[in-house]
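J.: See run22.cif below, with mmCIF, C-alpha atoms.
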data_final
#
loop_
_atom_site.label_atom_id
_atom_site.label_comp_id
_atom_site.auth_asym_id
_atom_site.auth_seq_id
_atom_site.Cartn_x
_atom_site.Cartn_y
_atom_site.Cartn_z
CA MET A 90 -11.55 14.49 -33.15
CA ASN A 91 -11.20 11.69 -30.59
CA THR A 92 -7.98 10.58 -32.26
CA VAL A 93 -6.57 14.10 -32.06
CA ILE A 94 -7.29 14.29 -28.34
CA GLN A 95 -5.74 10.84 -27.81
CA VAL A 96 -2.60 11.80 -29.73
CA VAL A 97 -2.29 15.02 -27.70
CA PHE A 98 -2.80 13.03 -24.50
CA PHE A 99 -0.03 10.57 -25.41
CA ILE A 100 2.37 13.38 -26.31
CA ILE A 101 1.64 15.10 -22.97
CA SER A 102 2.01 11.79 -21.09
CA THR A 103 5.38 11.22 -22.74
CA ILE A 104 6.55 14.68 -21.69
CA ILE A 105 5.34 14.19 -18.10
CA LEU A 106 6.71 10.68 -17.59
CA GLY A 107 9.95 11.33 -19.48
CA GLY A 108 10.59 14.52 -17.54
CA ALA A 109 9.80 12.77 -14.26
CA LEU A 110 12.08 9.80 -15.05
CA LEU A 111 14.96 12.08 -15.98
CA THR A 112 14.30 14.13 -12.83
CA VAL A 113 14.88 11.15 -10.58
CA THR A 114 17.75 9.62 -12.56
CA ALA A 115 19.82 12.61 -13.74
CA ARG A 116 23.24 12.66 -12.06
CA ASN A 117 23.51 16.45 -12.25
CA LEU A 118 20.99 18.01 -9.86
CA VAL A 119 20.63 21.18 -11.97
CA HIS A 120 19.65 19.02 -14.93
CA ALA A 121 17.18 17.20 -12.69
CA ALA A 122 15.56 20.51 -11.72
CA LEU A 123 15.31 21.55 -15.39
CA TRP A 124 13.67 18.23 -16.30
CA LEU A 125 11.27 18.80 -13.41
CA ILE A 126 10.25 22.07 -15.08
CA ALA A 127 9.50 20.13 -18.28
CA ALA A 128 7.32 17.70 -16.32
CA PHE A 129 5.49 20.63 -14.64
CA PHE A 130 4.77 22.17 -18.05
CA GLY A 131 3.37 18.83 -19.25
CA ILE A 132 1.09 18.64 -16.20
CA GLY A 133 -0.12 22.18 -16.91
CA ALA A 134 -0.92 21.13 -20.50
CA LEU A 135 -2.84 18.14 -19.14
CA TYR A 136 -4.92 20.48 -16.95
CA LEU A 137 -5.71 22.56 -20.05
CA LEU A 138 -6.77 19.38 -21.87
CA MET A 139 -9.12 18.67 -18.96
CA GLN A 140 -10.58 22.19 -19.24
CA ALA A 141 -9.23 23.28 -15.85
CA GLU A 142 -7.72 26.49 -17.19
CA PHE A 143 -7.31 28.20 -13.82
CA ALA A 144 -5.45 25.18 -12.42
CA ALA A 145 -3.21 25.21 -15.52
CA VAL A 146 -2.30 28.88 -15.02
CA VAL A 147 -1.66 28.27 -11.31
CA GLN A 148 0.51 25.27 -12.19
CA VAL A 149 2.72 27.35 -14.48
CA LEU A 150 2.85 30.33 -12.10
CA ILE A 151 3.50 28.47 -8.84
CA TYR A 152 5.45 25.40 -9.92
CA VAL A 153 7.38 26.56 -12.97
CA GLY A 154 7.67 30.16 -11.81
CA ALA A 155 8.24 29.90 -8.07
CA ILE A 156 9.12 26.40 -6.87
CA ALA A 157 11.51 25.56 -9.72
CA VAL A 158 13.41 28.84 -9.21
CA LEU A 159 13.49 28.19 -5.45
CA VAL A 160 14.94 24.72 -6.07
CA LEU A 161 17.59 26.08 -8.46
CA PHE A 162 18.59 28.69 -5.85
CA ALA A 163 18.84 26.02 -3.16
CA ILE A 164 21.07 23.90 -5.41
CA MET A 165 23.37 26.83 -6.11
CA LEU A 166 23.54 27.90 -2.44
CA THR A 167 24.51 24.42 -1.22
CA PRO A 168 27.46 23.35 -3.35
CA ASP A 169 29.24 20.09 -2.75
CA LEU A 170 32.08 21.24 -0.46
CA ALA A 171 32.70 18.04 1.46
CA GLY A 172 33.84 16.16 -1.62
CA GLU A 173 30.83 13.91 -1.69
CA SER A 174 31.20 13.39 -5.41
CA ASP A 175 33.18 10.19 -4.83
CA THR A 176 30.28 8.60 -2.93
CA PRO A 177 27.47 7.35 -5.18
CA ILE A 178 24.60 9.79 -5.81
CA PHE A 179 21.94 7.13 -5.35
CA ARG A 180 21.35 4.61 -2.56
CA HIS A 181 19.31 1.39 -2.31
CA ARG A 182 18.72 1.66 -6.02
CA TRP A 183 17.33 -1.81 -6.70
CA MET A 184 15.29 -2.01 -3.52
CA ALA A 185 13.62 1.33 -4.31
CA LEU A 186 12.96 0.19 -7.88
CA VAL A 187 11.25 -2.97 -6.60
CA VAL A 188 9.14 -1.00 -4.10
CA ALA A 189 8.01 1.60 -6.65
CA ALA A 190 7.33 -0.98 -9.38
CA ALA A 191 5.41 -3.21 -6.96
CA LEU A 192 3.29 -0.28 -5.76
CA PHE A 193 2.45 0.54 -9.37
CA GLY A 194 2.00 -2.95 -10.77
CA ILE A 195 0.36 -4.73 -7.82
CA LEU A 196 -1.61 -1.98 -6.10
CA ILE A 197 -2.42 0.95 -8.39
CA VAL A 198 -3.05 -0.57 -11.83
CA PRO A 199 -5.30 -3.48 -10.72
CA THR A 200 -7.29 -1.15 -8.44
CA VAL A 201 -7.84 1.40 -11.19
CA TRP A 202 -8.77 -1.16 -13.85
CA ASN A 203 -11.09 -3.24 -11.67
CA HIS A 204 -13.11 -0.34 -10.29
CA GLN A 205 -16.37 0.80 -11.84
CA TRP A 206 -16.12 4.59 -12.05
CA SER A 207 -19.58 6.19 -12.00
CA ILE A 208 -18.84 8.62 -14.83
CA TYR A 209 -21.13 11.62 -15.11
CA THR A 210 -23.33 11.07 -18.18
CA PRO A 211 -25.21 14.13 -19.44
CA LEU A 212 -28.69 13.85 -20.89
CA GLU A 213 -28.94 13.45 -24.65
CA GLY A 214 -28.43 16.72 -26.46
CA SER A 215 -27.64 18.76 -23.36
CA ILE A 216 -24.36 20.62 -23.01
CA VAL A 217 -22.13 19.66 -20.09
CA GLN A 218 -21.59 22.63 -17.80
CA VAL A 219 -17.90 22.76 -16.92
CA ALA A 220 -17.05 25.06 -14.03
CA ALA A 221 -14.72 27.76 -15.37
CA ALA A 222 -12.35 30.19 -13.64
CA ARG A 223 -15.30 32.48 -12.94
CA GLU A 224 -17.10 29.82 -10.88
CA VAL A 225 -13.89 28.92 -9.05
CA GLY A 226 -13.33 32.56 -8.12
CA THR A 227 -16.91 32.94 -6.92
CA ALA A 228 -16.58 29.78 -4.82
CA PHE A 229 -13.39 31.10 -3.21
CA MET A 230 -15.23 34.25 -2.16
CA ARG A 231 -18.37 32.46 -0.94
CA GLU A 232 -18.47 28.91 0.41
CA TYR A 233 -14.67 28.43 0.56
CA VAL A 234 -13.82 31.83 2.05
CA LEU A 235 -12.71 30.39 5.41
CA PRO A 236 -10.26 27.84 3.91
CA PHE A 237 -9.09 30.61 1.57
CA GLU A 238 -8.20 32.86 4.50
CA LEU A 239 -6.63 29.90 6.33
CA ALA A 240 -4.44 29.27 3.28
CA SER A 241 -3.20 32.84 3.36
CA VAL A 242 -2.37 32.49 7.06
CA LEU A 243 -0.52 29.25 6.26
CA LEU A 244 1.48 30.98 3.51
CA LEU A 245 2.35 33.85 5.88
CA ALA A 246 3.46 31.36 8.54
CA ALA A 247 5.57 29.48 5.97
CA LEU A 248 7.12 32.76 4.79
CA ILE A 249 8.08 33.85 8.31
CA GLY A 250 9.20 30.32 9.22
CA ALA A 251 11.44 30.05 6.15
CA ILE A 252 13.05 33.41 6.94
CA VAL A 253 13.60 32.49 10.62
CA ILE A 254 15.10 29.11 9.71
CA GLY A 255 17.21 30.42 6.87
CA ILE A 256 18.40 33.67 8.45
CA ASP A 257 22.03 34.11 9.42
CA ASP A 258 22.42 34.62 13.17
CA GLY A 259 25.79 36.30 12.63
CA THR A 260 27.81 33.90 14.75
CA ARG A 261 28.18 31.18 12.17
CA GLN A 262 29.61 31.45 8.71
CA ARG A 263 27.26 33.14 6.29
CA ILE A 264 26.20 31.73 2.92
CA LEU A 265 28.98 32.34 0.45
CA THR A 266 28.34 34.19 -2.76
CA LEU A 267 29.10 32.31 -5.95
CA ALA A 268 32.30 34.34 -6.45
CA GLU A 269 33.57 33.44 -2.94
CA GLU A 270 32.57 29.85 -3.53
CA PHE A 271 34.59 29.78 -6.74
CA ARG A 272 37.66 31.23 -4.99
CA LEU A 273 37.32 28.66 -2.19
CA ARG A 274 37.33 25.85 -4.72
CA GLN A 275 40.31 27.25 -6.60
CA LYS A 276 42.52 27.33 -3.49
CA PRO A 277 43.45 23.62 -3.07
CA LYS A 278 44.69 23.47 -6.66
CA ASP A 279 47.26 26.26 -6.15
CA MET B 62 -18.38 19.25 -29.30
CA THR B 63 -15.95 16.48 -28.43
CA THR B 64 -14.24 16.75 -25.09
CA ILE B 65 -11.63 14.72 -23.28
CA THR B 66 -14.27 12.65 -21.46
CA ASP B 67 -15.37 11.07 -24.76
CA ALA B 68 -11.87 10.40 -26.06
CA ILE B 69 -9.97 9.17 -23.03
CA PRO B 70 -11.20 6.83 -20.26
CA LEU B 71 -10.71 8.07 -16.72
CA SER B 72 -8.51 5.08 -15.90
CA TRP B 73 -5.82 6.17 -18.41
CA ILE B 74 -5.33 9.43 -16.55
CA LEU B 75 -5.36 7.61 -13.20
CA VAL B 76 -2.68 5.20 -14.41
CA LEU B 77 -0.61 8.14 -15.65
CA ALA B 78 -0.90 9.80 -12.23
CA GLY B 79 -0.04 6.49 -10.52
CA ALA B 80 3.08 6.13 -12.66
CA LEU B 81 4.10 9.70 -11.84
CA PHE B 82 3.58 9.02 -8.12
CA CYS B 83 5.73 5.87 -8.27
CA ILE B 84 8.50 7.68 -10.16
CA GLY B 85 8.44 10.38 -7.46
CA LEU B 86 8.58 7.70 -4.76
CA PHE B 87 11.59 6.14 -6.47
CA GLY B 88 13.29 9.54 -6.46
CA VAL B 89 12.55 10.08 -2.76
CA LEU B 90 13.95 6.64 -1.86
CA THR B 91 17.10 6.80 -3.96
CA ARG B 92 18.40 10.38 -3.83
CA ARG B 93 21.12 11.16 -1.31
CA ASN B 94 20.93 14.91 -1.85
CA ALA B 95 18.15 16.51 0.22
CA VAL B 96 17.17 18.79 -2.69
CA GLY B 97 16.77 15.68 -4.87
CA VAL B 98 14.46 14.17 -2.24
CA LEU B 99 12.37 17.36 -2.34
CA LEU B 100 12.11 17.09 -6.16
CA GLY B 101 10.64 13.59 -5.73
CA VAL B 102 8.11 14.90 -3.19
CA GLU B 103 7.03 17.60 -5.64
CA LEU B 104 6.44 14.95 -8.32
CA MET B 105 4.27 12.94 -5.90
CA LEU B 106 2.21 16.01 -4.97
CA ASN B 107 1.65 16.77 -8.67
CA ALA B 108 0.47 13.21 -9.27
CA VAL B 109 -2.17 13.67 -6.56
CA ASN B 110 -3.25 16.96 -8.16
CA ILE B 111 -3.70 15.28 -11.55
CA ASN B 112 -5.99 12.77 -9.84
CA LEU B 113 -8.04 15.53 -8.19
CA ILE B 114 -8.51 17.44 -11.45
CA ALA B 115 -9.34 14.22 -13.36
CA PHE B 116 -11.99 13.17 -10.83
CA TRP B 117 -13.46 16.66 -10.94
CA ARG B 118 -13.63 16.69 -14.74
CA TYR B 119 -15.08 13.20 -15.15
CA LEU B 120 -17.37 12.85 -12.13
CA GLU B 121 -18.71 16.33 -11.30
CA PRO B 122 -17.63 18.95 -13.87
CA HIS B 123 -20.45 21.33 -12.93
CA LEU B 124 -19.13 21.74 -9.36
CA VAL B 125 -15.92 23.44 -8.28
CA ALA B 126 -14.90 21.34 -5.24
CA GLY B 127 -12.27 19.29 -7.11
CA GLN B 128 -10.50 22.30 -8.56
CA VAL B 129 -10.61 24.17 -5.24
CA PHE B 130 -9.12 21.19 -3.43
CA ALA B 131 -6.33 20.90 -6.02
CA LEU B 132 -5.54 24.60 -5.57
CA PHE B 133 -5.27 24.16 -1.81
CA VAL B 134 -2.86 21.26 -2.38
CA VAL B 135 -0.76 23.63 -4.52
CA VAL B 136 -0.74 26.20 -1.69
CA VAL B 137 0.38 23.63 0.87
CA ALA B 138 3.03 22.31 -1.56
CA ALA B 139 4.41 25.83 -2.01
CA ALA B 140 4.62 26.33 1.76
CA GLU B 141 6.28 22.92 2.14
CA ALA B 142 8.86 23.69 -0.56
CA ALA B 143 9.75 27.07 0.98
CA VAL B 144 10.23 25.68 4.51
CA GLY B 145 11.96 22.53 3.22
CA LEU B 146 14.52 24.47 1.19
CA ALA B 147 15.15 26.84 4.13
CA LEU B 148 15.78 23.76 6.31
CA ILE B 149 18.21 22.39 3.71
CA ILE B 150 20.16 25.67 3.62
CA SER B 151 20.19 25.74 7.43
CA LEU B 152 21.45 22.14 7.50
CA TYR B 153 24.14 23.01 4.98
CA ARG B 154 25.28 25.95 7.11
CA ALA B 155 25.47 23.80 10.24
CA ARG B 156 26.99 20.61 8.79
CA GLN B 157 28.45 21.62 5.40
CA THR B 158 26.49 18.83 3.76
CA VAL B 159 23.12 18.25 2.12
CA ASN B 160 23.46 14.45 2.18
CA VAL B 161 20.45 13.02 4.00
CA ASP B 162 22.54 10.06 5.23
CA GLN B 163 24.88 12.38 7.10
CA ALA B 164 22.10 14.43 8.72
CA ASP B 165 21.62 11.80 11.42
CA ALA B 166 22.11 13.82 14.63
CA LEU B 167 19.36 15.55 16.54
CA GLN B 168 21.72 17.87 18.39
CA GLY B 169 23.63 20.56 16.56
#
As structure tokens - that is how I would like this structure written.

T.:
Amino acid sequence: MNTVIQVVFFIISTIILGGALLTVTARNLVHAALWLIAAFFGIGALYLLMQAEFAAVVQVLIYVGAIAVLVLFAIMLTPDLAGESDTPIFRHRWMALVVAAALFGILIVPTVWNHQWSIYTPLEGSIVQVAAAREVGTAFMREYVLPFELASVLLLAALIGAIVIGIDDGTRQRILTLAEEFRLRQKPKD
Amino acid sequence: MTTITDAIPLSWILVLAGALFCIGLFGVLTRRNAVGVLLGVELMLNAVNINLIAFWRYLEPHLVAGQVFALFVVVVAAAEAAVGLALIISLYRARQTVNVDQADALQG
């Protein structure tokens, strides 16, 4: 049984890390967003493996359902008009690689390996109580009710803020539809 | 019943989350497109969430604090993504570009 869990963990890790690597290296931004969805699904599967089923459902609903679609819309609404395709997509590539690799290899891995984690050890024969979605829901309505309400206020503020920032004031050019965008791109070739 | 805590040490999951965080950091540092930068930020936030859920599962599975905290991180990440993408669209409308190197002026 342990081997099965380990194999599942390695498959999930491969999906997460592979998706993340392709997200940051893909030249086409739409491909990058689709690889990000794959990584999000892998993270949701990891939550399920850790018996956090509510977090897994939230991960799929919020990240795969909402944020990924939002990102795809943003990519399609901001096409590359200024002809930036001749400038390289990435900058400071080697410096960033050194920084990220050093953070991982020098700081994170030695810290994690050299620390004694005080793992929760249940008494012999007793069953570990894992808080399920029911307990999480109860906690949201009882001891975490104030942060819960604050979170809804934050979401409302973000909603109104995004509309105010993104709204067209009528004086400037509006966001083109995809059909208008296509026509605009066709023109120079005529 | 065998669970993940018997099969996999906590440090494996922490190293996985650390790797994910560093990949996200690489994306934030290298992408020129503002949407690409935001994708890297999302990866970093997810790495932190994996850590929160892992600590909850291994250290105090009978409590709910870890899961609740991870869910609040998700809420803040959703708000951040919505406002960030609205800012990118606003920048595109003003400057016709989403290149973070060209968004270098504070005045419109």

J.: Which distance in Å separates atom CA of Val125 of chain B and atom CA of Val225 of chain A, to one decimal?

T.: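 The value is 5.9 Å.
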
J.: At a cut-off of 9 Å, using all atoms listed in the file, what residues contact segment 91-98 of chain A? Leave out same-chain residues fewer than 3 positions from it and give the result as a ChimeraX atom specification.

T.: /A:101-103,135,138 /B:63-65,67-69

J.: Hey, can you check how far atom CA of Gln157 of chain B sits from atom CA of Ala121 of chain A?

T.: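 Result for atom CA of Gln157 of chain B versus atom CA of Ala121 of chain A: 21.8 Å, one decimal.
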
J.: Quick one: which residues end up in the PyMOL selection byres ((chain B and resi 83) around 9) for this structure, as a ChimeraX atom specification?

T.: /A:188-190,192-193 /B:78-82,84-88,105

J.: Convert the current residue selection to file output with C-alpha atoms, as a JSON list (two decimals), in the frame of the given file.

T.:
[["chain", "number", "residue", "atom", "x", "y", "z"],
["A", 188, "VAL", "CA", 9.14, -1.00, -4.10],
["A", 189, "ALA", "CA", 8.01, 1.60, -6.65],
["A", 190, "ALA", "CA", 7.33, -0.98, -9.38],
["A", 192, "LEU", "CA", 3.29, -0.28, -5.76],
["A", 193, "PHE", "CA", 2.45, 0.54, -9.37],
["B", 78, "ALA", "CA", -0.90, 9.80, -12.23],
["B", 79, "GLY", "CA", -0.04, 6.49, -10.52],
["B", 80, "ALA", "CA", 3.08, 6.13, -12.66],
["B", 81, "LEU", "CA", 4.10, 9.70, -11.84],
["B", 82, "PHE", "CA", 3.58, 9.02, -8.12],
["B", 84, "ILE", "CA", 8.50, 7.68, -10.16],
["B", 85, "GLY", "CA", 8.44, 10.38, -7.46],
["B", 86, "LEU", "CA", 8.58, 7.70, -4.76],
["B", 87, "PHE", "CA", 11.59, 6.14, -6.47],
["B", 88, "GLY", "CA", 13.29, 9.54, -6.46],
["B", 105, "MET", "CA", 4.27, 12.94, -5.90]]

J.: Given the file shown, enumerate the residues that the PyMOL selection byres ((chain A and resi 117) around 12) captures and present them as a ChimeraX atom specification.

T.: /A:111-116,118-124,161,164,168-169,174,178-179 /B:92,94,96-97

J.: Using only C-alpha atoms for the distances, tell me which of A:Ala145, A:Met230, A:Ala109, A:Val153 is nearest to chain B.

T.: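 Residue with the minimum atom-to-atom distance to chain B: A:Ala109.
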
J.: Translate the PyMOL selection byres ((chain A and resi 137) around 12), as applied to the file shown, into an explicit residue set as a PyMOL selection string.

T.: (chain A and resi 94+97-98+101+130-136+138-149+221-222) or (chain B and resi 64-65+111+114-115+118)

J.: Can you measure atom CA of Leu77 of chain B to atom CA of Val135 of chain B for me? One decimal in Å is fine.

T.: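 One can read the atom CA of Leu77 of chain B to atom CA of Val135 of chain B distance as 19.1 Å.
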